[in-house]
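Enquirer: protein_5.csv is reproduced in full below (CSV, C-alpha atoms).
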```
chain,number,residue,atom,x,y,z
K,1,THR,CA,-5.4,14.1,-7.9
K,2,THR,CA,-1.9,14.5,-6.5
K,3,HIS,CA,0.1,13.0,-3.7
K,4,TRP,CA,-2.1,12.7,-0.6
K,5,GLY,CA,0.3,14.9,1.3
K,6,HIS,CA,-0.2,17.8,-1.1
K,7,CYS,CA,-4.0,17.6,-1.9
K,8,GLU,CA,-5.1,20.1,0.7
K,9,GLU,CA,-2.5,22.7,-0.3
K,10,PHE,CA,-3.3,22.1,-4.0
K,11,ALA,CA,-7.0,22.6,-3.5
K,12,ARG,CA,-6.4,25.8,-1.5
K,13,ARG,CA,-4.0,27.2,-4.1
K,14,PHE,CA,-6.2,26.3,-7.0
K,15,PRO,CA,-9.8,26.7,-5.9
K,16,GLY,CA,-11.1,26.3,-9.4
K,17,VAL,CA,-9.8,22.8,-9.7
K,18,GLU,CA,-11.7,19.9,-8.2
K,19,VAL,CA,-9.2,17.8,-6.2
K,20,ASP,CA,-9.9,14.2,-5.4
K,21,ALA,CA,-7.4,13.1,-2.7
K,22,ASP,CA,-8.3,9.4,-2.7
K,23,PRO,CA,-7.5,7.8,-6.1
K,24,ILE,CA,-4.1,6.8,-7.3
K,25,PHE,CA,-4.8,8.5,-10.7
K,26,VAL,CA,-7.7,10.4,-12.3
K,27,ARG,CA,-8.7,10.9,-15.9
K,28,GLN,CA,-10.7,13.9,-17.0
K,29,GLY,CA,-11.0,14.2,-20.7
K,30,ARG,CA,-7.5,14.3,-22.2
K,31,VAL,CA,-5.9,15.1,-18.8
K,32,VAL,CA,-4.6,12.3,-16.6
K,33,THR,CA,-3.1,13.0,-13.2
K,34,SER,CA,-1.4,10.7,-10.7
K,35,ALA,CA,-0.8,10.7,-7.0
K,36,GLY,CA,2.9,10.4,-7.0
K,37,VAL,CA,5.8,8.5,-8.6
K,38,SER,CA,4.7,4.9,-8.2
K,39,ALA,CA,1.1,6.0,-8.9
K,40,GLY,CA,2.5,7.5,-12.1
K,41,VAL,CA,3.8,4.1,-13.1
K,42,ASP,CA,0.3,2.6,-12.4
K,43,MET,CA,-1.2,5.4,-14.5
K,44,ALA,CA,1.2,4.7,-17.4
K,45,LEU,CA,0.6,1.0,-17.3
K,46,ALA,CA,-3.2,1.6,-17.3
K,47,LEU,CA,-2.7,3.8,-20.4
K,48,VAL,CA,-0.6,1.1,-22.1
K,49,GLU,CA,-3.3,-1.5,-21.2
K,50,GLU,CA,-6.0,0.7,-22.6
K,51,ASP,CA,-4.1,1.3,-25.9
K,52,LEU,CA,-2.4,-2.0,-26.4
K,53,GLY,CA,-4.2,-4.6,-24.2
K,54,ARG,CA,-3.5,-6.4,-21.0
K,55,ARG,CA,-0.9,-8.8,-22.3
K,56,VAL,CA,1.4,-5.9,-23.4
K,57,ALA,CA,0.8,-4.1,-20.2
K,58,LEU,CA,1.7,-7.2,-18.2
K,59,GLY,CA,4.9,-7.6,-20.2
K,60,VAL,CA,5.8,-4.0,-19.5
K,61,ALA,CA,5.0,-4.4,-15.8
K,62,ARG,CA,7.2,-7.6,-15.7
K,63,SER,CA,10.1,-5.8,-17.4
K,64,LEU,CA,9.8,-3.0,-14.9
K,65,VAL,CA,9.6,-5.5,-12.0
K,66,VAL,CA,6.4,-4.0,-10.8
K,67,PHE,CA,2.8,-5.2,-10.2
K,68,LEU,CA,0.3,-4.4,-12.9
K,69,ARG,CA,-1.8,-2.2,-10.7
K,70,ARG,CA,-5.5,-1.8,-11.0
K,71,PRO,CA,-7.8,1.1,-11.9
K,72,GLY,CA,-7.2,4.7,-10.9
K,73,GLY,CA,-10.1,4.5,-8.4
K,74,GLN,CA,-7.9,2.4,-6.2
K,75,ALA,CA,-7.2,4.3,-2.9
K,76,GLN,CA,-3.8,5.9,-2.2
K,77,PHE,CA,-2.8,3.3,0.4
K,78,SER,CA,0.5,1.6,0.7
K,79,ALA,CA,2.3,0.9,3.9
K,80,PRO,CA,5.7,2.3,2.7
K,81,LEU,CA,4.0,5.3,1.2
K,82,SER,CA,1.6,6.3,3.9
K,83,ALA,CA,4.2,6.3,6.7
K,84,GLN,CA,7.6,7.9,6.6
K,85,TRP,CA,10.8,5.9,6.8
K,86,ALA,CA,12.7,6.2,10.1
K,87,GLN,CA,15.9,8.2,10.2
K,88,ARG,CA,17.7,5.6,12.3
K,89,PRO,CA,19.1,3.0,9.9
K,90,ALA,CA,18.3,0.1,12.3
K,91,VAL,CA,14.7,1.1,12.5
K,92,ARG,CA,14.5,1.7,8.8
K,93,GLU,CA,15.9,-1.8,8.2
K,94,VAL,CA,13.3,-3.3,10.4
K,95,GLN,CA,10.6,-1.4,8.4
K,96,HIS,CA,12.0,-3.0,5.2
K,97,TRP,CA,12.1,-6.4,6.9
K,98,MET,CA,8.5,-6.0,7.9
K,99,VAL,CA,7.4,-5.3,4.4
K,100,GLU,CA,9.3,-8.3,3.1
K,101,HIS,CA,8.1,-10.7,5.8
K,102,PRO,CA,4.5,-9.7,6.7
K,103,ALA,CA,3.8,-13.2,8.1
K,104,GLY,CA,7.0,-13.1,10.2
K,105,ASP,CA,7.2,-12.4,13.9
K,106,LEU,CA,6.1,-8.7,13.9
K,107,SER,CA,5.4,-8.5,17.6
K,108,VAL,CA,6.9,-5.5,19.4
K,109,GLU,CA,9.2,-7.9,21.3
K,110,GLY,CA,10.4,-9.6,18.1
K,111,LEU,CA,11.0,-6.3,16.3
K,112,ALA,CA,12.7,-4.7,19.3
K,113,GLY,CA,15.0,-7.7,19.5
K,114,ARG,CA,16.0,-7.2,15.8
K,115,VAL,CA,17.3,-3.7,16.6
K,116,GLY,CA,18.7,-4.4,20.1
K,117,LEU,CA,16.2,-2.2,22.0
K,118,SER,CA,13.8,-3.0,24.8
K,119,PRO,CA,10.2,-3.3,23.6
K,120,ARG,CA,9.4,-0.1,25.4
K,121,GLN,CA,12.3,1.8,23.9
K,122,PHE,CA,11.5,0.4,20.5
K,123,SER,CA,7.9,1.4,20.6
K,124,ARG,CA,8.8,5.0,21.7
K,125,VAL,CA,11.5,5.4,19.0
K,126,PHE,CA,9.4,3.8,16.3
K,127,ALA,CA,6.4,6.0,17.0
K,128,ARG,CA,8.6,9.2,17.1
K,129,GLU,CA,10.4,8.4,13.9
K,130,VAL,CA,7.6,6.8,11.8
K,131,GLY,CA,4.6,8.7,13.0
K,132,CYS,CA,2.5,5.7,14.1
K,133,THR,CA,2.8,2.8,16.6
K,134,PRO,CA,4.5,-0.4,15.6
K,135,GLY,CA,1.1,-2.2,15.8
K,136,ARG,CA,-0.5,0.3,13.4
K,137,TYR,CA,2.4,0.0,10.9
K,138,VAL,CA,2.2,-3.8,11.1
K,139,GLU,CA,-1.5,-3.7,10.2
K,140,ARG,CA,-0.7,-1.4,7.2
K,141,VAL,CA,2.1,-3.7,6.0
K,142,ARG,CA,-0.2,-6.8,6.3
K,143,VAL,CA,-3.1,-5.1,4.5
K,144,GLU,CA,-0.8,-4.0,1.7
K,145,ALA,CA,0.6,-7.5,1.4
K,146,ALA,CA,-2.9,-9.0,1.3
K,147,ARG,CA,-4.0,-6.4,-1.3
K,148,ARG,CA,-1.2,-7.5,-3.6
K,149,TRP,CA,-2.0,-11.2,-3.2
K,150,LEU,CA,-5.7,-10.5,-3.8
K,151,GLU,CA,-4.9,-8.5,-6.9
K,152,ASP,CA,-2.3,-10.7,-8.5
K,153,SER,CA,-2.9,-14.3,-7.4
K,154,GLY,CA,-5.6,-16.9,-7.5
K,155,LEU,CA,-5.0,-17.8,-3.8
K,156,GLY,CA,-8.0,-18.3,-1.7
K,157,VAL,CA,-8.8,-15.7,1.0
K,158,GLU,CA,-7.6,-18.1,3.8
K,159,ALA,CA,-4.3,-18.6,2.1
K,160,VAL,CA,-3.9,-14.8,1.5
K,161,ALA,CA,-4.7,-14.2,5.2
K,162,ARG,CA,-2.0,-16.7,6.2
K,163,ARG,CA,0.7,-15.4,3.8
K,164,SER,CA,-0.1,-11.8,4.9
K,165,GLY,CA,0.3,-12.6,8.6
K,166,PHE,CA,-3.3,-12.3,9.7
K,167,ALA,CA,-4.4,-14.7,12.4
K,168,SER,CA,-7.4,-15.8,10.2
K,169,ALA,CA,-9.5,-14.8,7.2
K,170,GLU,CA,-12.0,-13.3,9.6
K,171,VAL,CA,-9.4,-11.1,11.3
K,172,MET,CA,-8.3,-9.9,7.8
K,173,ARG,CA,-11.9,-9.3,6.8
K,174,ARG,CA,-12.5,-7.0,9.8
K,175,VAL,CA,-9.3,-5.1,9.2
K,176,PHE,CA,-10.1,-4.6,5.5
K,177,VAL,CA,-13.6,-3.4,6.3
K,178,ARG,CA,-12.2,-0.9,8.8
K,179,THR,CA,-9.3,0.4,6.8
K,180,LEU,CA,-10.5,0.0,3.1
K,181,GLY,CA,-14.2,0.0,3.5
K,182,CYS,CA,-14.8,-3.4,1.8
K,183,SER,CA,-14.2,-7.1,2.5
K,184,PRO,CA,-11.2,-9.0,0.9
K,185,ALA,CA,-13.7,-10.7,-1.4
K,186,GLY,CA,-15.2,-7.4,-2.4
K,187,TYR,CA,-11.7,-5.9,-2.9
K,188,ARG,CA,-10.7,-8.9,-5.1
K,189,SER,CA,-13.9,-8.6,-7.2
K,190,ARG,CA,-13.0,-4.9,-8.0
K,191,PHE,CA,-9.2,-5.2,-8.5
K,192,HIS,CA,-8.2,-8.8,-9.3
K,193,GLY,CA,-6.7,-8.9,-12.8
K,194,ALA,CA,-9.5,-7.0,-14.5
K,195,GLU,CA,-10.2,-10.0,-16.6
K,196,GLY,CA,-11.4,-9.1,-20.0
K,197,GLY,CA,-10.0,-5.6,-19.6
```
In C-alpha coordinates, how does this file's structure come out?
Expert:
Amino acid sequence: TTHWGHCEEFARRFPGVEVDADPIFVRQGRVVTSAGVSAGVDMALALVEEDLGRRVALGVARSLVVFLRRPGGQAQFSAPLSAQWAQRPAVREVQHWMVEHPAGDLSVEGLAGRVGLSPRQFSRVFAREVGCTPGRYVERVRVEAARRWLEDSGLGVEAVARRSGFASAEVMRRVFVRTLGCSPAGYRSRFHGAEGG
(Lines of atoms letter the chains of each structure in order from A and count residues from 1; the text may use other names and numbers.)
(Lines give C-alpha, C1' and ligand atoms only; values in the text may rest on other atoms or scores of the structure.)
Protein backbone atom coordinates (compact mmCIF):
# COMPACT_ATOMS: atom_id res chain seq x y z
CA THR A 1 0.00 0.00 0.00
CA THR A 2 0.93 3.65 -0.19
CA HIS A 3 -0.83 6.96 0.40
CA TRP A 4 -4.32 6.84 -1.13
CA GLY A 5 -3.45 9.81 -3.36
CA HIS A 6 -0.61 7.86 -5.05
CA CYS A 7 -2.03 4.32 -5.29
CA GLU A 8 -3.37 4.68 -8.81
CA GLU A 9 -0.12 6.11 -10.18
CA PHE A 10 1.95 3.54 -8.28
CA ALA A 11 -0.10 0.66 -9.72
CA ARG A 12 0.24 2.13 -13.22
CA ARG A 13 4.02 2.59 -12.93
CA PHE A 14 4.63 -0.83 -11.37
CA PRO A 15 2.14 -3.24 -12.93
CA GLY A 16 3.92 -6.26 -11.41
CA VAL A 17 3.10 -5.05 -7.89
CA GLU A 18 -0.30 -5.73 -6.36
CA VAL A 19 -1.38 -2.42 -4.78
CA ASP A 20 -4.06 -2.38 -2.08
CA ALA A 21 -5.30 1.21 -1.73
CA ASP A 22 -7.43 0.68 1.38
CA PRO A 23 -5.31 -0.45 4.39
CA ILE A 24 -3.09 1.83 6.45
CA PHE A 25 -0.30 -0.72 6.23
CA VAL A 26 0.32 -4.09 4.61
CA ARG A 27 2.74 -6.88 5.44
CA GLN A 28 3.85 -9.37 2.82
CA GLY A 29 6.60 -11.61 4.06
CA ARG A 30 9.47 -9.45 5.30
CA VAL A 31 8.22 -6.32 3.53
CA VAL A 32 5.88 -3.93 5.33
CA THR A 33 4.54 -0.82 3.60
CA SER A 34 2.47 2.03 5.00
CA ALA A 35 0.03 4.54 3.59
CA GLY A 36 1.82 7.70 4.69
CA VAL A 37 3.59 9.32 7.61
CA SER A 38 1.00 8.80 10.35
CA ALA A 39 0.25 5.32 8.98
CA GLY A 40 4.00 4.67 9.24
CA VAL A 41 3.75 5.44 12.96
CA ASP A 42 0.83 3.01 13.19
CA MET A 43 2.92 0.41 11.36
CA ALA A 44 5.91 0.93 13.64
CA LEU A 45 3.73 0.64 16.76
CA ALA A 46 2.21 -2.58 15.39
CA LEU A 47 5.72 -4.00 14.88
CA VAL A 48 6.71 -2.96 18.43
CA GLU A 49 3.55 -4.60 19.76
CA GLU A 50 4.26 -7.77 17.79
CA ASP A 51 7.86 -8.00 19.04
CA LEU A 52 7.56 -6.64 22.59
CA GLY A 53 3.88 -6.81 23.53
CA ARG A 54 0.97 -4.45 23.95
CA ARG A 55 2.18 -2.82 27.16
CA VAL A 56 5.46 -1.69 25.60
CA ALA A 57 3.66 -0.48 22.47
CA LEU A 58 1.20 1.51 24.61
CA GLY A 59 4.13 3.09 26.45
CA VAL A 60 5.74 4.10 23.17
CA ALA A 61 2.41 5.47 21.89
CA ARG A 62 1.97 7.54 25.06
CA SER A 63 5.49 8.94 24.83
CA LEU A 64 4.82 9.93 21.21
CA VAL A 65 1.42 11.36 22.25
CA VAL A 66 -0.39 9.28 19.65
CA PHE A 67 -3.13 6.66 19.77
CA LEU A 68 -2.08 3.02 19.66
CA ARG A 69 -3.69 2.32 16.31
CA ARG A 70 -5.19 -0.91 15.25
CA PRO A 71 -4.25 -3.48 12.60
CA GLY A 72 -3.08 -2.60 9.13
CA GLY A 73 -6.40 -3.69 7.67
CA GLN A 74 -7.96 -0.53 9.07
CA ALA A 75 -9.07 1.73 6.24
CA GLN A 76 -7.15 4.85 5.23
CA PHE A 77 -9.74 7.21 6.63
CA SER A 78 -9.09 10.28 8.68
CA ALA A 79 -10.86 13.60 8.36
CA PRO A 80 -7.69 15.69 8.39
CA LEU A 81 -5.97 13.32 5.95
CA SER A 82 -8.77 12.72 3.49
CA ALA A 83 -9.50 16.39 2.86
CA GLN A 84 -6.97 19.11 2.19
CA TRP A 85 -6.42 21.99 4.56
CA ALA A 86 -7.73 25.33 3.35
CA GLN A 87 -5.26 28.01 2.24
CA ARG A 88 -7.12 30.79 4.03
CA PRO A 89 -5.83 30.85 7.63
CA ALA A 90 -9.30 31.61 9.04
CA VAL A 91 -10.89 28.62 7.29
CA ARG A 92 -7.95 26.39 8.27
CA GLU A 93 -8.39 27.48 11.91
CA VAL A 94 -12.07 26.53 11.70
CA GLN A 95 -11.07 23.11 10.37
CA HIS A 96 -8.77 22.60 13.36
CA TRP A 97 -11.51 23.79 15.70
CA MET A 98 -13.95 21.30 14.17
CA VAL A 99 -11.54 18.41 14.74
CA GLU A 100 -11.00 19.49 18.36
CA HIS A 101 -14.74 20.09 19.06
CA PRO A 102 -16.73 17.45 17.13
CA ALA A 103 -19.71 17.85 19.48
CA GLY A 104 -19.68 21.64 19.18
CA ASP A 105 -21.91 23.79 17.00
CA LEU A 106 -20.72 22.69 13.57
CA SER A 107 -23.68 24.11 11.67
CA VAL A 108 -22.83 26.19 8.61
CA GLU A 109 -24.21 29.24 10.42
CA GLY A 110 -22.07 28.62 13.50
CA LEU A 111 -18.90 27.95 11.50
CA ALA A 112 -19.50 30.93 9.21
CA GLY A 113 -19.84 33.15 12.27
CA ARG A 114 -16.44 31.99 13.52
CA VAL A 115 -14.76 33.34 10.37
CA GLY A 116 -16.96 36.40 9.86
CA LEU A 117 -18.57 35.25 6.62
CA SER A 118 -22.19 34.79 5.66
CA PRO A 119 -23.27 31.13 5.62
CA ARG A 120 -23.50 31.22 1.82
CA GLN A 121 -20.03 32.76 1.44
CA PHE A 122 -18.57 30.32 3.95
CA SER A 123 -20.05 27.29 2.16
CA ARG A 124 -18.69 28.48 -1.18
CA VAL A 125 -15.20 29.29 0.16
CA PHE A 126 -15.00 26.08 2.20
CA ALA A 127 -16.02 23.84 -0.72
CA ARG A 128 -13.55 25.58 -3.05
CA GLU A 129 -10.61 25.37 -0.65
CA VAL A 130 -11.25 22.04 1.08
CA GLY A 131 -12.76 20.09 -1.79
CA CYS A 132 -16.01 19.07 -0.07
CA THR A 133 -19.00 20.75 1.53
CA PRO A 134 -18.90 21.80 5.20
CA GLY A 135 -21.56 19.18 5.95
CA ARG A 136 -19.50 16.37 4.43
CA TYR A 137 -16.39 17.51 6.30
CA VAL A 138 -18.32 17.65 9.59
CA GLU A 139 -19.48 14.08 9.01
CA ARG A 140 -15.88 12.96 8.43
CA VAL A 141 -14.70 14.77 11.55
CA ARG A 142 -17.42 13.14 13.66
CA VAL A 143 -16.78 9.66 12.26
CA GLU A 144 -13.06 10.05 12.99
CA ALA A 145 -13.80 11.20 16.55
CA ALA A 146 -16.19 8.28 17.08
CA ARG A 147 -13.64 5.82 15.70
CA ARG A 148 -11.05 6.99 18.20
CA TRP A 149 -13.49 6.74 21.14
CA LEU A 150 -14.56 3.26 20.01
CA GLU A 151 -10.95 2.12 19.65
CA ASP A 152 -9.49 3.62 22.78
CA SER A 153 -12.23 3.89 25.41
CA GLY A 154 -14.77 1.74 27.16
CA LEU A 155 -17.58 4.25 26.62
CA GLY A 156 -20.92 2.89 25.46
CA VAL A 157 -22.08 3.56 21.92
CA GLU A 158 -24.61 6.21 23.09
CA ALA A 159 -21.88 8.11 24.96
CA VAL A 160 -19.54 7.86 21.97
CA ALA A 161 -22.28 9.22 19.70
CA ARG A 162 -22.87 12.17 22.07
CA ARG A 163 -19.17 13.01 22.46
CA SER A 164 -18.64 12.77 18.71
CA GLY A 165 -21.51 15.16 17.94
CA PHE A 166 -24.04 12.73 16.48
CA ALA A 167 -27.70 13.35 17.27
CA SER A 168 -28.11 9.74 18.44
CA ALA A 169 -26.47 6.32 18.36
CA GLU A 170 -28.83 5.39 15.51
CA VAL A 171 -27.68 8.36 13.41
CA MET A 172 -24.06 7.38 14.10
CA ARG A 173 -24.81 3.77 13.14
CA ARG A 174 -26.29 4.82 9.79
CA VAL A 175 -23.31 7.05 9.00
CA PHE A 176 -20.84 4.29 9.97
CA VAL A 177 -22.58 1.73 7.76
CA ARG A 178 -22.62 4.17 4.84
CA THR A 179 -19.02 5.41 5.18
CA LEU A 180 -17.11 2.50 6.76
CA GLY A 181 -19.26 -0.46 5.81
CA CYS A 182 -19.90 -1.62 9.38
CA SER A 183 -21.81 -0.60 12.50
CA PRO A 184 -20.09 1.13 15.46
CA ALA A 185 -20.40 -2.12 17.45
CA GLY A 186 -18.85 -4.07 14.58
CA TYR A 187 -16.08 -1.52 14.27
CA ARG A 188 -15.33 -1.73 18.00
CA SER A 189 -15.24 -5.53 17.95
CA ARG A 190 -12.56 -5.39 15.23
CA PHE A 191 -10.43 -2.53 16.51
CA HIS A 192 -10.96 -1.88 20.22
CA GLY A 193 -7.73 -2.51 22.12
CA ALA A 194 -6.98 -5.86 20.48
CA GLU A 195 -7.22 -7.45 23.89
CA GLY A 196 -4.92 -10.37 24.27
CA GLY A 197 -2.88 -9.18 21.29
Enquirer: Take the point (-5.9, 15.0, -0.4) in the file's coordinates, draw a sphere of radius 10 Å around it, and report as JSON, numbers by chain every protein, DNA or RNA residue with an atom inside or on it, counting only C-alpha atoms.
Expert: {"K": [1, 2, 3, 4, 5, 6, 7, 8, 9, 10, 11, 19, 20, 21, 22, 23, 35, 76]}
Enquirer: Deliver the residues from the most recent selection as a file, using C-alpha atoms, as an mmCIF file, in the frame of the given file.
Expert:
```
data_model
loop_
_atom_site.group_PDB
_atom_site.id
_atom_site.type_symbol
_atom_site.label_atom_id
_atom_site.label_comp_id
_atom_site.auth_asym_id
_atom_site.auth_seq_id
_atom_site.Cartn_x
_atom_site.Cartn_y
_atom_site.Cartn_z
ATOM 1 C CA THR K 1 -5.400 14.100 -7.900
ATOM 2 C CA THR K 2 -1.900 14.500 -6.500
ATOM 3 C CA HIS K 3 0.100 13.000 -3.700
ATOM 4 C CA TRP K 4 -2.100 12.700 -0.600
ATOM 5 C CA GLY K 5 0.300 14.900 1.300
ATOM 6 C CA HIS K 6 -0.200 17.800 -1.100
ATOM 7 C CA CYS K 7 -4.000 17.600 -1.900
ATOM 8 C CA GLU K 8 -5.100 20.100 0.700
ATOM 9 C CA GLU K 9 -2.500 22.700 -0.300
ATOM 10 C CA PHE K 10 -3.300 22.100 -4.000
ATOM 11 C CA ALA K 11 -7.000 22.600 -3.500
ATOM 12 C CA VAL K 19 -9.200 17.800 -6.200
ATOM 13 C CA ASP K 20 -9.900 14.200 -5.400
ATOM 14 C CA ALA K 21 -7.400 13.100 -2.700
ATOM 15 C CA ASP K 22 -8.300 9.400 -2.700
ATOM 16 C CA PRO K 23 -7.500 7.800 -6.100
ATOM 17 C CA ALA K 35 -0.800 10.700 -7.000
ATOM 18 C CA GLN K 76 -3.800 5.900 -2.200
#
```
Enquirer: Given the point (15.3, -4.7, 17.0) in the file's coordinates, find the residues that have an atom at most 8 Å from it, counting only C-alpha atoms, and give them as a ChimeraX atom specification.
Expert: /K:90-91,94,110-117,122
Enquirer: Which neighbours of Ala159 in chain K fall inside 10 Å, counting all atoms listed in the file, when residues of the same chain fewer than 5 positions from it are skipped, and could you give them as a PyMOL selection string?
Expert: chain K and resi 146+149+154+164-166+168-169
Enquirer: From the set K:Arg142, K:Arg12, K:Arg188, K:Arg30, which residue has the shortest atom-to-atom contact distance to Arg162 in chain K, counting only C-alpha atoms?
Expert: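 Ranking K:Arg142, K:Arg12, K:Arg188, K:Arg30 by distance to Arg162 in chain K, first place goes to K:Arg142.
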Enquirer: CA of Val32 in chain K and CA of Gly181 in chain K are how many Å apart?
Expert: 25.4 Å
Enquirer: In terms of the shortest atom-to-atom distance over all atoms listed in the file, which of K:Glu170, K:Met98, K:Gly36, K:Trp85 is closest to Val130 in chain K?
Expert: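 Looking at the shortest contact to Val130 in chain K, the residue is K:Trp85.
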Enquirer: Give me, please, the distance in Å between CA of Val99 in chain K and CA of Val141 in chain K, quoted to one decimal.
Expert: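 Calculated distance between CA of Val99 in chain K and CA of Val141 in chain K is 5.8 Å.
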